[in-house]
file upload.cif (mmCIF, C-alpha atoms and all ligand atoms)
data_start
loop_
_atom_site.label_atom_id
_atom_site.label_comp_id
_atom_site.auth_asym_id
_atom_site.auth_seq_id
_atom_site.Cartn_x
_atom_site.Cartn_y
_atom_site.Cartn_z
CA MET P 1 16.35 132.85 180.78
CA ASP P 2 17.58 129.41 181.97
CA HIS P 3 17.07 128.07 178.46
CA LEU P 4 19.20 130.81 176.88
CA VAL P 5 21.96 130.38 179.46
CA GLU P 6 21.97 126.62 178.90
CA SER P 7 22.15 127.17 175.12
CA SER P 8 25.20 129.39 175.54
CA LEU P 9 26.74 126.90 177.98
CA PHE P 10 26.18 124.13 175.42
CA GLY P 11 28.07 126.19 172.83
CA HIS P 12 24.94 126.97 170.80
CA ASP P 13 25.64 130.71 170.76
CA SER P 14 23.11 131.02 167.94
CA HIS P 15 20.40 130.20 170.52
CA GLY P 16 21.89 131.70 173.65
CA ALA P 17 22.80 135.26 174.67
CA ILE P 18 22.15 136.56 171.16
CA ARG P 19 18.42 135.84 171.62
CA PHE P 20 18.03 138.00 174.75
CA TYR P 21 17.69 141.20 172.75
CA GLU P 22 15.61 139.54 170.04
CA TYR P 23 13.10 138.25 172.61
CA ALA P 24 13.15 141.58 174.49
CA GLN P 25 12.41 143.39 171.22
CA GLY P 26 9.64 140.86 170.54
CA ILE P 27 8.02 141.73 173.86
CA ARG P 28 8.31 145.46 173.05
CA ASP P 29 6.76 144.91 169.61
CA GLY P 30 3.89 142.91 171.09
CA ARG P 31 4.95 139.75 169.29
CA PHE P 32 5.07 137.81 172.58
CA ASN P 33 2.70 137.93 175.48
CA PRO P 34 5.07 137.25 178.38
CA GLY P 35 2.19 136.80 180.85
CA ALA P 36 0.34 134.15 178.81
CA ARG P 37 0.00 130.56 179.98
CA PRO P 38 -0.10 127.50 177.74
CA ARG P 39 -3.47 125.79 177.49
CA ILE P 40 -4.49 122.23 176.56
CA VAL P 41 -7.07 122.62 173.80
CA GLN P 42 -7.59 118.95 172.99
CA GLU P 43 -6.68 115.92 175.05
CA ARG P 44 -6.81 112.13 174.78
CA PRO P 45 -5.06 109.54 176.97
CA SER P 46 -1.85 109.52 174.96
CA SER P 47 -2.03 112.75 172.99
CA ALA P 48 -2.73 116.43 173.46
CA VAL P 49 -2.81 119.69 171.57
CA VAL P 50 -1.32 122.65 173.43
CA ASN P 51 -1.80 126.30 172.55
CA GLY P 52 1.18 128.28 173.84
CA GLY P 53 -0.89 131.46 174.12
CA GLY P 54 1.80 133.48 172.32
CA ALA P 55 4.06 133.44 175.39
CA LEU P 56 7.82 133.00 175.00
CA GLY P 57 8.14 129.66 173.23
CA GLN P 58 10.18 127.98 175.94
CA VAL P 59 7.22 128.21 178.34
CA GLY P 60 4.87 126.29 176.06
CA ALA P 61 7.51 123.77 175.00
CA ALA P 62 8.47 122.92 178.60
CA PHE P 63 4.75 122.57 179.44
CA ALA P 64 4.18 120.25 176.46
CA THR P 65 7.20 118.15 177.44
CA ARG P 66 6.01 117.64 181.02
CA LEU P 67 2.56 116.73 179.73
CA ALA P 68 3.95 114.18 177.26
CA MET P 69 6.12 112.63 179.98
CA GLU P 70 3.14 112.21 182.34
CA LYS P 71 1.11 110.56 179.59
CA ALA P 72 3.95 108.33 178.33
CA ARG P 73 4.62 107.06 181.85
CA VAL P 74 1.08 105.64 181.90
CA HIS P 75 0.47 104.76 178.25
CA GLY P 76 3.96 103.98 176.95
CA VAL P 77 3.95 106.59 174.17
CA ALA P 78 2.54 110.10 174.09
CA THR P 79 2.54 112.75 171.39
CA VAL P 80 1.85 116.39 172.14
CA THR P 81 1.65 119.15 169.56
CA LEU P 82 2.27 122.79 170.30
CA ARG P 83 1.16 125.84 168.35
CA ASN P 84 0.97 129.62 168.88
CA THR P 85 4.21 129.38 170.80
CA SER P 86 6.64 131.77 169.05
CA HIS P 87 10.28 130.57 169.04
CA ILE P 88 11.10 127.62 171.31
CA GLY P 89 14.88 128.09 171.04
CA ARG P 90 17.20 125.08 171.13
CA VAL P 91 14.85 122.26 170.25
CA GLY P 92 17.05 119.57 171.83
CA ALA P 93 16.34 121.10 175.24
CA TYR P 94 12.95 119.37 175.45
CA PRO P 95 13.87 115.78 174.51
CA LEU P 96 16.81 116.27 176.89
CA ILE P 97 14.45 117.10 179.77
CA ALA P 98 12.61 113.85 179.04
CA ALA P 99 15.78 111.77 178.64
CA ARG P 100 17.24 113.06 181.90
CA ALA P 101 14.03 111.74 183.50
CA GLY P 102 14.57 108.32 181.86
CA PHE P 103 12.38 108.66 178.73
CA MET P 104 13.31 108.47 175.06
CA ALA P 105 11.98 111.48 173.13
CA GLN P 106 11.89 113.08 169.70
CA LEU P 107 10.78 116.50 168.50
CA PHE P 108 10.14 118.06 165.10
CA ALA P 109 9.76 121.83 164.71
CA ASN P 110 8.99 123.89 161.62
CA ALA P 111 8.67 127.68 161.61
CA GLY P 112 4.99 127.99 160.78
CA HIS P 113 4.26 129.82 157.53
CA LEU P 114 7.72 131.45 157.37
CA GLY P 115 9.56 129.33 154.74
CA ALA P 116 12.29 131.54 153.26
CA GLN P 117 15.58 130.66 154.96
CA VAL P 118 16.57 127.44 153.14
CA ILE P 119 16.56 126.58 149.43
CA PRO P 120 14.69 123.47 148.30
CA PHE P 121 16.94 120.95 146.49
CA GLY P 122 17.25 122.15 142.91
CA GLY P 123 16.12 125.70 143.70
CA ARG P 124 18.12 128.85 144.30
CA ILE P 125 15.74 130.94 146.44
CA GLY P 126 14.80 130.12 150.05
CA ARG P 127 11.44 128.38 150.41
CA LEU P 128 11.81 126.37 153.63
CA SER P 129 12.91 127.08 157.21
CA THR P 130 15.80 125.46 159.03
CA ASN P 131 13.29 122.91 160.39
CA PRO P 132 15.21 121.29 163.25
CA LEU P 133 14.65 117.89 164.79
CA ALA P 134 15.98 116.40 167.99
CA PHE P 135 16.18 112.98 169.64
CA ALA P 136 17.37 112.17 173.14
CA ALA P 137 17.94 108.73 174.65
CA PRO P 138 18.91 108.13 178.29
CA ARG P 139 22.06 106.24 179.22
CA ARG P 140 23.11 104.48 182.40
CA GLY P 141 25.43 106.71 184.43
CA HIS P 142 26.07 109.18 181.60
CA GLU P 143 24.41 112.14 179.97
CA PRO P 144 21.85 111.02 177.30
CA LEU P 145 22.61 110.63 173.63
CA LEU P 146 21.34 113.92 172.23
CA LEU P 147 20.96 114.66 168.55
CA ASP P 148 19.78 118.24 168.09
CA MET P 149 20.12 119.47 164.52
CA THR P 150 18.73 121.54 161.73
CA THR P 151 17.81 120.00 158.40
CA SER P 152 19.71 122.89 156.79
CA VAL P 153 23.52 122.80 156.86
CA VAL P 154 23.48 125.00 159.99
CA ALA P 155 21.11 127.06 162.10
CA GLU P 156 20.26 130.50 160.69
CA GLY P 157 21.38 131.98 164.02
CA LYS P 158 24.96 130.90 163.22
CA VAL P 159 24.92 133.36 160.32
CA ARG P 160 23.82 136.10 162.72
CA VAL P 161 26.58 135.15 165.16
CA ALA P 162 29.12 135.43 162.30
CA ILE P 163 27.76 138.89 161.37
CA ASN P 164 28.00 140.09 164.99
CA ARG P 165 31.56 138.77 165.25
CA GLY P 166 32.62 140.16 161.86
CA GLU P 167 33.55 136.67 160.65
CA SER P 168 33.02 134.90 157.33
CA ILE P 169 31.10 131.64 156.97
CA PRO P 170 32.36 128.47 155.24
CA VAL P 171 31.46 128.07 151.58
CA GLY P 172 28.80 125.37 151.46
CA TRP P 173 26.60 126.92 154.14
CA ALA P 174 24.70 129.46 152.05
CA VAL P 175 23.98 131.21 148.79
CA ASP P 176 23.41 134.92 148.09
CA SER P 177 20.15 136.34 146.75
CA GLN P 178 21.09 135.18 143.23
CA GLY P 179 21.72 131.60 144.39
CA ARG P 180 25.52 131.92 144.16
CA PRO P 181 27.70 130.31 146.88
CA THR P 182 28.88 132.90 149.40
CA SER P 183 31.13 133.10 152.46
CA ASP P 184 29.80 136.55 153.43
CA PRO P 185 27.12 136.16 156.13
CA ARG P 186 25.71 139.61 155.31
CA GLN P 187 24.78 138.32 151.84
CA VAL P 188 22.48 135.83 153.55
CA LYS P 189 20.66 138.52 155.54
CA SER P 190 20.62 141.17 152.78
CA ASP P 191 17.49 142.53 151.14
CA PRO P 192 16.59 140.54 149.06
CA PRO P 193 18.09 137.80 151.23
CA GLY P 194 20.25 134.82 150.37
CA ALA P 195 19.49 131.44 151.89
CA LEU P 196 21.04 128.45 153.62
CA LEU P 197 21.53 125.12 151.86
CA PRO P 198 19.69 121.98 152.89
CA LEU P 199 21.80 119.45 154.82
CA GLY P 200 23.72 116.83 152.87
CA GLY P 201 26.23 118.44 150.49
CA VAL P 202 26.22 116.39 147.28
CA VAL P 203 23.19 114.47 148.59
CA ALA P 204 21.27 117.54 149.81
CA HIS P 205 18.05 115.98 148.48
CA LYS P 206 18.07 114.06 151.78
CA GLY P 207 18.24 117.19 153.96
CA TYR P 208 15.57 118.73 151.77
CA GLY P 209 13.38 115.62 152.12
CA LEU P 210 13.82 115.61 155.90
CA SER P 211 12.91 119.29 156.00
CA MET P 212 9.69 118.65 154.07
CA MET P 213 8.71 115.90 156.52
CA VAL P 214 9.41 118.23 159.46
CA GLU P 215 7.04 120.72 157.77
CA VAL P 216 4.40 118.00 157.65
CA MET P 217 4.85 116.93 161.28
CA GLY P 218 5.53 120.26 162.96
CA GLY P 219 3.48 122.47 160.65
CA ALA P 220 0.56 120.47 159.22
CA VAL P 221 0.00 118.02 162.10
CA GLY P 222 1.36 120.41 164.75
CA GLY P 223 -1.17 123.02 163.67
CA GLU P 224 1.05 126.08 163.21
CA GLY P 225 0.84 125.74 159.41
CA CYS P 226 3.49 124.96 156.79
CA ALA P 227 6.03 127.06 154.88
CA ALA P 228 4.24 129.51 152.63
CA GLY P 229 6.66 132.42 152.47
CA ALA P 230 4.87 134.61 154.98
CA PRO P 231 7.08 137.57 155.97
CA LYS P 232 6.68 136.71 159.63
CA PHE P 233 8.92 135.86 162.55
CA VAL P 234 9.52 132.25 163.55
CA SER P 235 6.67 130.65 165.45
CA ASN P 236 7.57 127.02 165.77
CA GLY P 237 5.02 124.32 164.98
CA VAL P 238 6.00 121.45 167.24
CA LEU P 239 5.32 117.74 167.39
CA LEU P 240 6.90 115.99 170.39
CA THR P 241 6.75 112.26 171.12
CA VAL P 242 7.90 110.70 174.38
CA TYR P 243 8.45 106.96 174.91
CA HIS P 244 8.50 105.18 178.27
CA ILE P 245 11.21 102.60 177.62
CA GLU P 246 9.96 99.97 180.10
CA HIS P 247 6.75 99.64 178.04
CA PHE P 248 8.91 98.12 175.28
CA THR P 249 11.95 96.47 176.81
CA GLU P 250 13.70 95.82 180.12
CA LEU P 251 15.52 98.99 181.13
CA GLU P 252 18.76 97.16 181.96
CA THR P 253 18.72 95.39 178.57
CA TYR P 254 18.23 98.74 176.87
CA TYR P 255 21.16 100.27 178.76
CA ASP P 256 23.37 97.23 178.04
CA GLU P 257 22.62 97.55 174.32
CA LEU P 258 23.53 101.24 174.27
CA ASP P 259 26.74 100.65 176.21
CA ALA P 260 27.79 97.84 173.88
CA MET P 261 26.98 99.86 170.76
CA ILE P 262 28.92 102.89 172.01
CA ALA P 263 31.92 100.76 172.98
CA HIS P 264 31.80 99.16 169.52
CA ILE P 265 31.62 102.52 167.72
CA ARG P 266 34.60 103.75 169.67
CA THR P 267 36.76 100.87 168.45
CA SER P 268 36.78 102.40 164.96
CA ARG P 269 40.27 103.49 163.87
CA LEU P 270 40.46 107.27 163.79
CA ALA P 271 40.43 109.25 160.57
CA PRO P 272 43.27 111.75 160.04
CA GLY P 273 42.72 114.91 162.09
CA PHE P 274 40.52 113.23 164.72
CA GLN P 275 41.59 112.58 168.31
CA GLU P 276 38.49 110.65 169.30
CA ILE P 277 34.98 109.69 168.26
CA LEU P 278 32.33 111.76 169.99
CA LEU P 279 28.72 110.85 170.62
CA PRO P 280 25.81 113.07 169.59
CA GLY P 281 25.42 115.58 172.42
CA GLU P 282 28.95 115.12 173.73
CA PRO P 283 30.26 118.38 172.21
CA GLU P 284 27.49 120.26 174.06
CA PHE P 285 28.03 118.54 177.43
CA ARG P 286 31.79 119.11 177.22
CA THR P 287 31.42 122.75 176.24
CA ALA P 288 29.03 123.22 179.16
CA ARG P 289 31.59 121.85 181.63
CA LYS P 290 34.23 124.18 180.19
CA ARG P 291 32.03 127.26 180.11
CA GLU P 292 30.68 126.58 183.60
CA SER P 293 34.18 127.17 184.92
CA GLU P 294 35.49 129.69 182.37
CA GLY P 295 32.33 131.68 181.69
CA ILE P 296 30.42 132.48 178.51
CA GLU P 297 32.02 134.95 176.13
CA VAL P 298 29.60 137.47 174.63
CA ASP P 299 30.80 139.61 171.70
CA ASP P 300 30.62 143.41 171.96
CA GLN P 301 27.89 143.81 169.35
CA THR P 302 25.61 141.32 171.13
CA TRP P 303 26.36 142.84 174.53
CA ASP P 304 25.57 146.38 173.24
CA GLN P 305 22.24 145.18 171.93
CA ILE P 306 21.44 143.45 175.22
CA ARG P 307 22.37 146.62 177.15
CA ARG P 308 20.09 148.71 174.95
CA GLN P 309 17.16 146.42 175.77
CA MET P 310 18.07 146.38 179.48
CA LYS P 311 17.94 150.17 179.48
CA TYR P 312 14.51 150.14 177.87
CA PHE P 313 13.21 147.74 180.51
CA GLY P 314 14.66 149.90 183.29
CA LEU P 315 17.55 147.58 184.12
CA ASP P 316 20.22 150.24 184.36
CA SER P 317 23.18 148.43 182.86
CA ALA P 318 25.60 151.03 184.23
CA ASN P 319 24.73 149.82 187.73
CA TRP P 320 24.18 146.22 186.82
CA ASN P 321 26.67 143.92 188.52
CA GLY P 322 25.61 140.67 186.89
CA ASP P 323 23.37 139.44 189.73
P1 LIG S 1 25.19 121.53 165.25
O1 LIG S 1 25.52 121.29 163.82
O2 LIG S 1 26.13 122.32 166.04
O3 LIG S 1 25.01 120.11 165.99
C1 LIG S 1 24.12 119.15 165.49
C2 LIG S 1 24.25 117.85 166.24
O4 LIG S 1 25.50 117.23 165.92
C3 LIG S 1 24.25 117.97 167.77
O5 LIG S 1 23.43 116.96 168.30
C4 LIG S 1 25.70 117.73 168.19
O6 LIG S 1 25.82 117.08 169.46
C5 LIG S 1 26.17 116.79 167.10
N1 LIG S 1 27.61 116.89 166.88
C6 LIG S 1 28.32 118.02 166.63
N2 LIG S 1 29.62 117.71 166.46
C7 LIG S 1 29.74 116.38 166.62
C8 LIG S 1 30.84 115.45 166.57
N3 LIG S 1 32.08 115.85 166.33
N4 LIG S 1 30.59 114.16 166.80
C9 LIG S 1 29.34 113.72 167.07
N5 LIG S 1 28.25 114.55 167.12
C10 LIG S 1 28.46 115.85 166.89
O7 LIG S 1 23.75 122.20 165.41
P2 LIG S 1 22.81 122.93 164.34
O8 LIG S 1 22.18 121.92 163.46
O9 LIG S 1 23.51 124.07 163.69
O10 LIG S 1 21.68 123.54 165.30
C11 LIG S 1 22.05 124.48 166.32
C12 LIG S 1 20.94 124.75 167.29
O11 LIG S 1 19.95 125.55 166.69
C13 LIG S 1 20.20 123.50 167.78
O12 LIG S 1 20.11 123.57 169.20
C14 LIG S 1 18.81 123.63 167.18
O13 LIG S 1 17.78 123.09 167.98
C15 LIG S 1 18.66 125.12 167.10
N6 LIG S 1 17.64 125.55 166.13
C16 LIG S 1 16.42 125.95 166.55
C17 LIG S 1 15.47 126.39 165.62
C18 LIG S 1 14.09 126.85 166.02
O14 LIG S 1 13.34 127.22 165.14
N7 LIG S 1 13.73 126.84 167.26
C19 LIG S 1 15.78 126.39 164.26
C20 LIG S 1 17.02 125.96 163.88
C21 LIG S 1 17.97 125.54 164.80
#
call {"tool": "encode", "arguments": {"input": "upload.cif", "output": "structure tokens"}}
result
Amino acid sequence: MDHLVESSLFGHDSHGAIRFYEYAQGIRDGRFNPGARPRIVQERPSSAVVNGGGALGQVGAAFATRLAMEKARVHGVATVTLRNTSHIGRVGAYPLIAARAGFMAQLFANAGHLGAQVIPFGGRIGRLSTNPLAFAAPRRGHEPLLLDMTTSVVAEGKVRVAINRGESIPVGWAVDSQGRPTSDPRQVKSDPPGALLPLGGVVAHKGYGLSMMVEVMGGAVGGEGCAAGAPKFVSNGVLLTVYHIEHFTELETYYDELDAMIAHIRTSRLAPGFQEILLPGEPEFRTARKRESEGIEVDDQTWDQIRRQMKYFGLDSANWNGD
């Protein structure tokens, strides 16, 4: 729940409120085992393999992050893989936990055998997943640098958000089932479905290449398996690495370098249409401050679906006062 609220606060509506009903339906369908606990199935001083037990993905991913932090504090670097974990949500959440505790962290997540949401470079039918990656690096006196991104042009959830809001999507995000560019989000989720494009526009071979490497790290090394077109829901294969900065450099030197780099970047003259240069993660932290005071807007379609699930689970929405 905290994870979904934070995702909505951060402005990632594709991974916030909209997932409540999806996860609730997953529990009803027996796709998640909400009572399961993650288990370490293999462990060495600076690595571990965690089986999420099929619980909600956020439980296993938070467990794996804490474990990697403990190990990195002692050994300098630690890598933990996570499998059988369902959907871990906003993947940047976990490197951010580590960075807020002073570590540098990176995470790669594929979607197990799924592999149908994103076209490979040169293809016209989806054969990969959105395969996100995230990095977070702590800063002195500021929120960390946080890069949390898909290797497709956007997250697939953004197409669902557009459908729920009755909006179109920009051309350049997706193709329809025939591989033709489309601005209609329903064409992406039709049967047969369309697909998202790999990141990179005219150099989309780079987004495609990154996506393949995320398959290797999250899927093959992570143990959840790689894209193979299975008609299955997302179960992220995760590979998370945490670095204890003081094993490599003086902390103050590290912070000085980041401060100097950021100050340097911000001296760039602004391109037309820009008011300032933002850092990776800054849009999320700013949106969170705004939404913390103004609230999170949930569209009617999403709210109706949440209410339907609440009713099923005996949370009478008619009497629910938001507590
Ligand atoms: P996005 O394109 O909104 O943001 C990507 C990154 O760009 C972020 O780090 C953001 O801080 C940065 N950014 C955005 N605008 C910026 C600007 N003006 N200046 C500097 N930096 C800027 O995100 P996305 O790629 O569409 O992904 C959305 C979310 O979906 C992410 O949280 C991701 O983890 C999640 N996701 C999860 C899964 C899964 O299987 N669990 C799959 C796909 C996506």
call {"tool": "residues_around", "arguments": {"input": "upload.cif", "residues": "region 5-20 of chain P", "least_positions_apart": "4", "cutoff": "8 Å", "atoms": "only C-alpha atoms", "output": "list in words"}}
result
Met1, Ala24, Gly89, Arg90, Ala155, Glu156, Gly157, Lys158, Arg160, Val161, Pro283, Glu284, Phe285, Arg286, Thr287, Ala288, Arg289, Arg291, Glu292, Ile296, Val298, Thr302 and Ile306 of chain P
call {"tool": "atom_distance", "arguments": {"input": "upload.cif", "atom1": "CA of Val80 (chain P)", "atom2": "CA of Ala48 (chain P)"}}
result
4.8 Å
call {"tool": "closest_residue", "arguments": {"input": "upload.cif", "among": "P:Leu67, P:Ala111, P:Ala195, P:Ala36", "to": "Val238 (chain P)", "atoms": "all atoms listed in the file"}}
result
P:Ala111
call {"tool": "closest_residue", "arguments": {"input": "upload.cif", "among": "P:Pro45, P:Tyr255, P:Gln25, P:Pro170", "to": "Tyr312 (chain P)", "atoms": "only C-alpha atoms"}}
result
P:Gln25
call {"tool": "closest_atom_pairs", "arguments": {"input": "upload.cif", "of": "chain P", "to": "ligand LIG 1 (chain S)", "cutoff": "8 Å", "atoms": "only C-alpha atoms and all ligand atoms", "output": "Markdown table"}}
result
| residue | atom | partner | partner_atom | distance |
| --- | --- | --- | --- | --- |
| P:Ser7 | CA | S:LIG1 | O12 | 7.2 |
| P:His12 | CA | S:LIG1 | C12 | 5.8 |
| P:Ser14 | CA | S:LIG1 | O11 | 6.4 |
| P:His15 | CA | S:LIG1 | O11 | 6.0 |
| P:His87 | CA | S:LIG1 | N7 | 5.4 |
| P:Ile88 | CA | S:LIG1 | N7 | 4.9 |
| P:Gly89 | CA | S:LIG1 | N7 | 4.1 |
| P:Arg90 | CA | S:LIG1 | O13 | 3.8 |
| P:Val91 | CA | S:LIG1 | O13 | 3.8 |
| P:Gly92 | CA | S:LIG1 | O13 | 5.3 |
| P:Ala93 | CA | S:LIG1 | O12 | 7.5 |
| P:Ala109 | CA | S:LIG1 | O14 | 6.5 |
| P:Asn110 | CA | S:LIG1 | O14 | 6.5 |
| P:Ala111 | CA | S:LIG1 | O14 | 5.9 |
| P:Ser129 | CA | S:LIG1 | C19 | 7.6 |
| P:Thr130 | CA | S:LIG1 | C20 | 5.0 |
| P:Asn131 | CA | S:LIG1 | C19 | 5.8 |
| P:Pro132 | CA | S:LIG1 | C20 | 5.0 |
| P:Leu133 | CA | S:LIG1 | O13 | 6.9 |
| P:Ala134 | CA | S:LIG1 | O13 | 6.9 |
| P:Leu146 | CA | S:LIG1 | O5 | 5.4 |
| P:Leu147 | CA | S:LIG1 | O5 | 3.4 |
| P:Asp148 | CA | S:LIG1 | O5 | 3.9 |
| P:Met149 | CA | S:LIG1 | O8 | 3.4 |
| P:Thr150 | CA | S:LIG1 | O8 | 3.9 |
| P:Thr151 | CA | S:LIG1 | O8 | 7.0 |
| P:Ser152 | CA | S:LIG1 | O8 | 7.2 |
| P:Val153 | CA | S:LIG1 | O8 | 6.8 |
| P:Val154 | CA | S:LIG1 | O9 | 3.8 |
| P:Ala155 | CA | S:LIG1 | O9 | 4.2 |
| P:Glu156 | CA | S:LIG1 | C20 | 6.4 |
| P:Gly157 | CA | S:LIG1 | O11 | 7.1 |
| P:Lys158 | CA | S:LIG1 | O9 | 7.0 |
| P:Val234 | CA | S:LIG1 | O14 | 6.5 |
| P:Ser235 | CA | S:LIG1 | O14 | 7.5 |
| P:Asn236 | CA | S:LIG1 | O14 | 5.8 |
| P:Ile277 | CA | S:LIG1 | N4 | 6.4 |
| P:Leu278 | CA | S:LIG1 | N4 | 4.4 |
| P:Leu279 | CA | S:LIG1 | C9 | 4.6 |
| P:Pro280 | CA | S:LIG1 | N5 | 3.8 |
| P:Gly281 | CA | S:LIG1 | O6 | 3.3 |
| P:Glu282 | CA | S:LIG1 | O6 | 5.6 |
| P:Pro283 | CA | S:LIG1 | O6 | 5.4 |
| P:Glu284 | CA | S:LIG1 | O6 | 5.8 |
call {"tool": "write_last_selection", "arguments": {"input": "upload.cif", "atoms": "C-alpha atoms", "output": "PDB file, in the frame of the given file"}}
result
ATOM      1  CA  SER P   7      22.150 127.170 175.120  1.00  0.00           C
ATOM      2  CA  HIS P  12      24.940 126.970 170.800  1.00  0.00           C
ATOM      3  CA  SER P  14      23.110 131.020 167.940  1.00  0.00           C
ATOM      4  CA  HIS P  15      20.400 130.200 170.520  1.00  0.00           C
ATOM      5  CA  HIS P  87      10.280 130.570 169.040  1.00  0.00           C
ATOM      6  CA  ILE P  88      11.100 127.620 171.310  1.00  0.00           C
ATOM      7  CA  GLY P  89      14.880 128.090 171.040  1.00  0.00           C
ATOM      8  CA  ARG P  90      17.200 125.080 171.130  1.00  0.00           C
ATOM      9  CA  VAL P  91      14.850 122.260 170.250  1.00  0.00           C
ATOM     10  CA  GLY P  92      17.050 119.570 171.830  1.00  0.00           C
ATOM     11  CA  ALA P  93      16.340 121.100 175.240  1.00  0.00           C
ATOM     12  CA  ALA P 109       9.760 121.830 164.710  1.00  0.00           C
ATOM     13  CA  ASN P 110       8.990 123.890 161.620  1.00  0.00           C
ATOM     14  CA  ALA P 111       8.670 127.680 161.610  1.00  0.00           C
ATOM     15  CA  SER P 129      12.910 127.080 157.210  1.00  0.00           C
ATOM     16  CA  THR P 130      15.800 125.460 159.030  1.00  0.00           C
ATOM     17  CA  ASN P 131      13.290 122.910 160.390  1.00  0.00           C
ATOM     18  CA  PRO P 132      15.210 121.290 163.250  1.00  0.00           C
ATOM     19  CA  LEU P 133      14.650 117.890 164.790  1.00  0.00           C
ATOM     20  CA  ALA P 134      15.980 116.400 167.990  1.00  0.00           C
ATOM     21  CA  LEU P 146      21.340 113.920 172.230  1.00  0.00           C
ATOM     22  CA  LEU P 147      20.960 114.660 168.550  1.00  0.00           C
ATOM     23  CA  ASP P 148      19.780 118.240 168.090  1.00  0.00           C
ATOM     24  CA  MET P 149      20.120 119.470 164.520  1.00  0.00           C
ATOM     25  CA  THR P 150      18.730 121.540 161.730  1.00  0.00           C
ATOM     26  CA  THR P 151      17.810 120.000 158.400  1.00  0.00           C
ATOM     27  CA  SER P 152      19.710 122.890 156.790  1.00  0.00           C
ATOM     28  CA  VAL P 153      23.520 122.800 156.860  1.00  0.00           C
ATOM     29  CA  VAL P 154      23.480 125.000 159.990  1.00  0.00           C
ATOM     30  CA  ALA P 155      21.110 127.060 162.100  1.00  0.00           C
ATOM     31  CA  GLU P 156      20.260 130.500 160.690  1.00  0.00           C
ATOM     32  CA  GLY P 157      21.380 131.980 164.020  1.00  0.00           C
ATOM     33  CA  LYS P 158      24.960 130.900 163.220  1.00  0.00           C
ATOM     34  CA  VAL P 234       9.520 132.250 163.550  1.00  0.00           C
ATOM     35  CA  SER P 235       6.670 130.650 165.450  1.00  0.00           C
ATOM     36  CA  ASN P 236       7.570 127.020 165.770  1.00  0.00           C
ATOM     37  CA  ILE P 277      34.980 109.690 168.260  1.00  0.00           C
ATOM     38  CA  LEU P 278      32.330 111.760 169.990  1.00  0.00           C
ATOM     39  CA  LEU P 279      28.720 110.850 170.620  1.00  0.00           C
ATOM     40  CA  PRO P 280      25.810 113.070 169.590  1.00  0.00           C
ATOM     41  CA  GLY P 281      25.420 115.580 172.420  1.00  0.00           C
ATOM     42  CA  GLU P 282      28.950 115.120 173.730  1.00  0.00           C
ATOM     43  CA  PRO P 283      30.260 118.380 172.210  1.00  0.00           C
ATOM     44  CA  GLU P 284      27.490 120.260 174.060  1.00  0.00           C
TER      45      GLU P 284
END
call {"tool": "residues_around", "arguments": {"input": "upload.cif", "residues": "Ile27 (chain P)", "least_positions_apart": "3", "cutoff": "12 Å", "atoms": "all atoms listed in the file", "output": "list in words"}}
result
Phe20, Tyr21, Glu22, Tyr23, Ala24, Gly30, Arg31, Phe32, Asn33, Pro34, Gly35, Ala36, Gly54, Ala55, Leu56, Ser86, Gln309, Tyr312 and Phe313 of chain P
call {"tool": "closest_residue", "arguments": {"input": "upload.cif", "among": "P:Arg140, P:Arg100, P:Lys189, P:Lys71", "to": "Glu43 (chain P)", "atoms": "all atoms listed in the file"}}
result
P:Lys71
call {"tool": "closest_atom_pairs", "arguments": {"input": "upload.cif", "of": "region 20-54 of chain P", "to": "region 205-223 of chain P", "cutoff": "10 Å", "atoms": "all atoms listed in the file", "output": "tab-separated table"}}
result
residue	atom	partner	partner_atom	distance
P:Val49	CA	P:Gly222	CA	8.0
P:Val50	CA	P:Gly222	CA	9.4
P:Asn51	CA	P:Gly223	CA	9.5
call {"tool": "residues_around", "arguments": {"input": "upload.cif", "residues": "region 177-179 of chain P", "least_positions_apart": "5", "cutoff": "6 Å", "atoms": "only C-alpha atoms", "output": "count of residues only"}}
result
4
call {"tool": "closest_residue", "arguments": {"input": "upload.cif", "among": "P:Gln305, P:Gln117, P:Thr79, P:Asn84", "to": "Gln58 (chain P)", "atoms": "all atoms listed in the file"}}
result
P:Asn84
call {"tool": "closest_residue", "arguments": {"input": "upload.cif", "among": "P:Ala260, P:Val77, P:Ala116, P:Leu315", "to": "Gly229 (chain P)", "atoms": "only C-alpha atoms"}}
result
P:Ala116
call {"tool": "atom_distance", "arguments": {"input": "upload.cif", "atom1": "CA of Trp173 (chain P)", "atom2": "CA of Leu114 (chain P)"}}
result
19.7 Å
call {"tool": "atom_distance", "arguments": {"input": "upload.cif", "atom1": "CA of Ser183 (chain P)", "atom2": "CA of Ala271 (chain P)"}}
result
26.9 Å
call {"tool": "residues_around", "arguments": {"input": "upload.cif", "residues": "Gly76 (chain P)", "least_positions_apart": "6", "cutoff": "12 Å", "atoms": "only C-alpha atoms", "output": "list in words"}}
result
Pro45, Ser46, Ser47, Ala68, Met69, Glu70, Phe103, Met104, Ala105, Thr241, Val242, Tyr243, His244, Ile245, Glu246, His247, Phe248 and Thr249 of chain P
call {"tool": "closest_residue", "arguments": {"input": "upload.cif", "among": "P:Asp299, P:Asp176, P:Asp304, P:Glu252", "to": "Gly102 (chain P)", "atoms": "only C-alpha atoms"}}
result
P:Glu252
call {"tool": "axis_aligned_box", "arguments": {"input": "upload.cif", "around": "region 294-310 of chain P", "padding_each_side": "5 Å", "output": "JSON"}}
result
{"center_x": 26.3, "center_y": 139.2, "center_z": 175.9, "size_x": 28.3, "size_y": 29.0, "size_z": 23.0}
